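Peer 1: Got a structure for you, run_35.csv, holding CSV, C-alpha atoms.
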```
chain,number,residue,atom,x,y,z
A,1,TYR,CA,-128.8,21.2,-84.7
A,2,ALA,CA,-131.8,20.7,-86.9
A,3,ALA,CA,-133.6,23.8,-85.4
A,4,TYR,CA,-130.4,25.8,-85.6
A,5,ASP,CA,-129.8,25.0,-89.3
A,6,LEU,CA,-133.4,25.7,-90.1
A,7,ALA,CA,-133.1,29.1,-88.3
A,8,VAL,CA,-130.0,30.1,-90.1
A,9,ASN,CA,-131.2,29.1,-93.6
A,10,SER,CA,-135.0,29.8,-93.4
A,11,GLY,CA,-135.2,32.3,-90.6
A,12,PRO,CA,-135.4,32.2,-86.8
A,13,ALA,CA,-139.1,33.0,-86.8
A,14,ARG,CA,-140.0,30.1,-89.0
A,15,ALA,CA,-137.8,27.8,-86.8
A,16,ALA,CA,-139.5,29.0,-83.6
A,17,LYS,CA,-143.0,28.6,-85.1
A,18,TYR,CA,-142.2,25.0,-86.3
A,19,LEU,CA,-140.9,24.1,-82.9
A,20,GLN,CA,-144.0,25.5,-81.2
A,21,GLN,CA,-146.3,23.7,-83.7
A,22,ILE,CA,-144.6,20.4,-83.1
A,23,ALA,CA,-144.7,20.9,-79.3
A,24,GLY,CA,-148.4,21.7,-79.4
A,25,VAL,CA,-148.2,25.2,-77.9
A,26,THR,CA,-149.4,28.6,-79.1
A,27,VAL,CA,-147.6,29.3,-82.4
A,28,ASP,CA,-146.5,32.9,-82.0
A,29,GLY,CA,-142.8,32.7,-82.7
A,30,ALA,CA,-141.8,33.8,-79.2
A,31,ILE,CA,-140.0,31.0,-77.4
A,32,GLY,CA,-140.6,31.5,-73.7
A,33,PRO,CA,-140.7,29.2,-70.7
A,34,LYS,CA,-143.9,27.4,-71.7
A,35,SER,CA,-142.7,26.8,-75.2
A,36,LEU,CA,-139.3,25.5,-74.0
A,37,ALA,CA,-140.9,23.2,-71.5
A,38,ALA,CA,-143.2,21.7,-74.2
A,39,ILE,CA,-140.4,21.5,-76.7
A,40,ASN,CA,-138.2,19.6,-74.2
A,41,GLU,CA,-141.0,17.1,-73.7
A,42,VAL,CA,-140.9,16.0,-77.4
A,43,PRO,CA,-138.5,13.1,-78.0
A,44,ALA,CA,-135.5,14.2,-80.0
A,45,ASP,CA,-136.0,11.8,-82.8
A,46,GLU,CA,-139.6,12.9,-83.2
A,47,MET,CA,-138.6,16.6,-83.2
A,48,ILE,CA,-135.9,16.0,-85.8
A,49,ASP,CA,-138.2,14.1,-88.1
A,50,ALA,CA,-141.0,16.7,-87.8
A,51,LEU,CA,-138.6,19.7,-88.3
A,52,CYS,CA,-136.9,18.2,-91.3
A,53,GLY,CA,-140.3,17.1,-92.8
A,54,MET,CA,-141.8,20.6,-92.3
A,55,ARG,CA,-138.7,22.2,-93.7
A,56,MET,CA,-138.8,20.0,-96.8
A,57,ASP,CA,-142.5,20.8,-97.3
A,58,PHE,CA,-141.6,24.5,-97.1
A,59,LEU,CA,-138.8,24.2,-99.6
A,60,LYS,CA,-140.8,22.2,-102.0
A,61,ALA,CA,-143.4,24.9,-102.1
A,62,LEU,CA,-140.8,27.6,-103.1
A,63,PRO,CA,-140.9,28.6,-106.8
A,64,THR,CA,-137.2,28.0,-107.1
A,65,PHE,CA,-137.3,24.4,-105.9
A,66,ASP,CA,-136.8,23.1,-109.5
A,67,VAL,CA,-133.5,25.0,-109.6
A,68,PHE,CA,-132.1,24.5,-106.1
A,69,GLY,CA,-134.2,21.6,-104.8
A,70,LYS,CA,-131.5,18.9,-105.3
A,71,GLY,CA,-129.0,20.8,-103.1
A,72,TRP,CA,-131.6,21.7,-100.5
A,73,THR,CA,-132.8,18.1,-100.3
A,74,ARG,CA,-129.3,16.9,-99.8
A,75,ARG,CA,-128.6,19.6,-97.1
A,76,VAL,CA,-131.8,18.7,-95.1
A,77,ALA,CA,-130.9,15.0,-95.3
A,78,GLU,CA,-127.4,15.7,-94.0
A,79,VAL,CA,-128.7,17.9,-91.3
A,80,GLU,CA,-131.2,15.2,-90.2
A,81,GLU,CA,-128.5,12.6,-90.1
A,82,ARG,CA,-126.1,14.8,-88.1
A,83,ALA,CA,-128.9,15.8,-85.7
A,84,ARG,CA,-129.7,12.2,-85.1
A,85,GLY,CA,-126.1,11.5,-84.3
A,86,MET,CA,-126.0,14.4,-81.8
A,87,ALA,CA,-129.3,13.2,-80.2
```
Translate the structure described by the file into structure tokens.
Peer 2:
Amino acid sequence: YAAYDLAVNSGPARAAKYLQQIAGVTVDGAIGPKSLAAINEVPADEMIDALCGMRMDFLKALPTFDVFGKGWTRRVAEVEERARGMA
């Protein structure tokens, strides 16, 4: 769920690259068998923490964070909580 929400709101390429980075494979944005295998090896709670942390870092770096940051922060926290419940 955390990866899905990230892909919808920040782009599928960014979500794919974050997943690959966390899994320790080549970061090229193309999720193939090697990426999937490595991603599946990462414990769900670690993946959720890392994805949400990277997402917040990305959002905080945006020039519009001062305007939209409160809502974005709330959304990421809600996504993290729901993803943990699903895991």
Peer 1: Check the smallest atom-to-atom distance from each of A:Leu51, A:Ala61, A:Ala83, A:Ala7 to Leu19 of chain A using all atoms listed in the file, then report the winner.
Peer 2: A:Leu51
Peer 1: Using only C-alpha atoms, determine which residues lie at most 8 Å from Ser35 of chain A, disregarding the query and same-chain residues fewer than 3 positions distant; provide the list as a ChimeraX atom specification.
Peer 2: /A:20,23,25-26,31-32,38-39
Peer 1: For a quick check of understanding, using all atoms listed in the file, which of A:Ala16, A:Val79, A:Met54, A:Ile48 has the smallest distance to Leu36 of chain A?
Peer 2: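 Ranked by minimum distance to Leu36 of chain A, first place goes to A:Ala16.
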Peer 1: To test the calculation: enclose all listed atoms of segment 69-76 of chain A in a box whose edges run along x, y and z, add 5 Å on each side, then state centre and edge lengths in Å to one decimal, as JSON.
Peer 2:
```
{"center_x": -131.4, "center_y": 19.3, "center_z": -100.2, "size_x": 15.6, "size_y": 14.8, "size_z": 20.2}
```
Peer 1: Could you check how far atom CA of Val76 of chain A sits from atom CA of Asp5 of chain A, in Å to one decimal?
Peer 2: 8.8 Å
Peer 1: Counting all atoms listed in the file, what is within 10 Å of Trp72 of chain A, bar same-chain residues fewer than 5 positions away, as a PDB file with C-alpha atoms, keeping the file's coordinate frame?
Peer 2:
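Below is the file around14.pdb, written as the result:
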```
ATOM      1  CA  ARG A  55    -138.700  22.200 -93.700  1.00  0.00           C
ATOM      2  CA  MET A  56    -138.800  20.000 -96.800  1.00  0.00           C
ATOM      3  CA  LEU A  59    -138.800  24.200 -99.600  1.00  0.00           C
ATOM      4  CA  LYS A  60    -140.800  22.200-102.000  1.00  0.00           C
ATOM      5  CA  PHE A  65    -137.300  24.400-105.900  1.00  0.00           C
ATOM      6  CA  VAL A  67    -133.500  25.000-109.600  1.00  0.00           C
ATOM      7  CA  ALA A  77    -130.900  15.000 -95.300  1.00  0.00           C
ATOM      8  CA  GLU A  78    -127.400  15.700 -94.000  1.00  0.00           C
TER       9      GLU A  78
END
```
Peer 1: Measuring atom to atom with only C-alpha atoms, identify which of A:Ile22, A:Ala15, A:Cys52, A:Leu62 is nearest to Arg75 of chain A.
Peer 2: A:Cys52
Peer 1: Determine the nearest neighbour of Gly24 of chain A from the options A:Lys70, A:Gly11, A:Ala37, A:Asp45, counting all atoms listed in the file.
Peer 2: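 Between A:Lys70, A:Gly11, A:Ala37, A:Asp45, the residue approaching Gly24 of chain A most closely is A:Ala37.
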Peer 1: Give me, please, the distance in Å between atom CA of Gly69 of chain A and atom CA of Val8 of chain A, quoted to one decimal.
Peer 2: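 Result for atom CA of Gly69 of chain A versus atom CA of Val8 of chain A: 17.5 Å, one decimal.
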Peer 1: Out of A:Tyr18, A:Asp66, A:Met47, A:Asp28, which residue has the shortest atom-to-atom distance to Glu80 of chain A when counting all atoms listed in the file?
Peer 2: A:Met47
Peer 1: May I ask for the distance between atom CA of Arg82 of chain A and atom CA of Ala44 of chain A, given in Å to one decimal place?
Peer 2: 12.4 Å
Peer 1: I'd like to know which of A:Glu46, A:Asn40, A:Ser10, A:Tyr4 is closest to Phe58 of chain A, using all atoms listed in the file.
Peer 2: A:Ser10
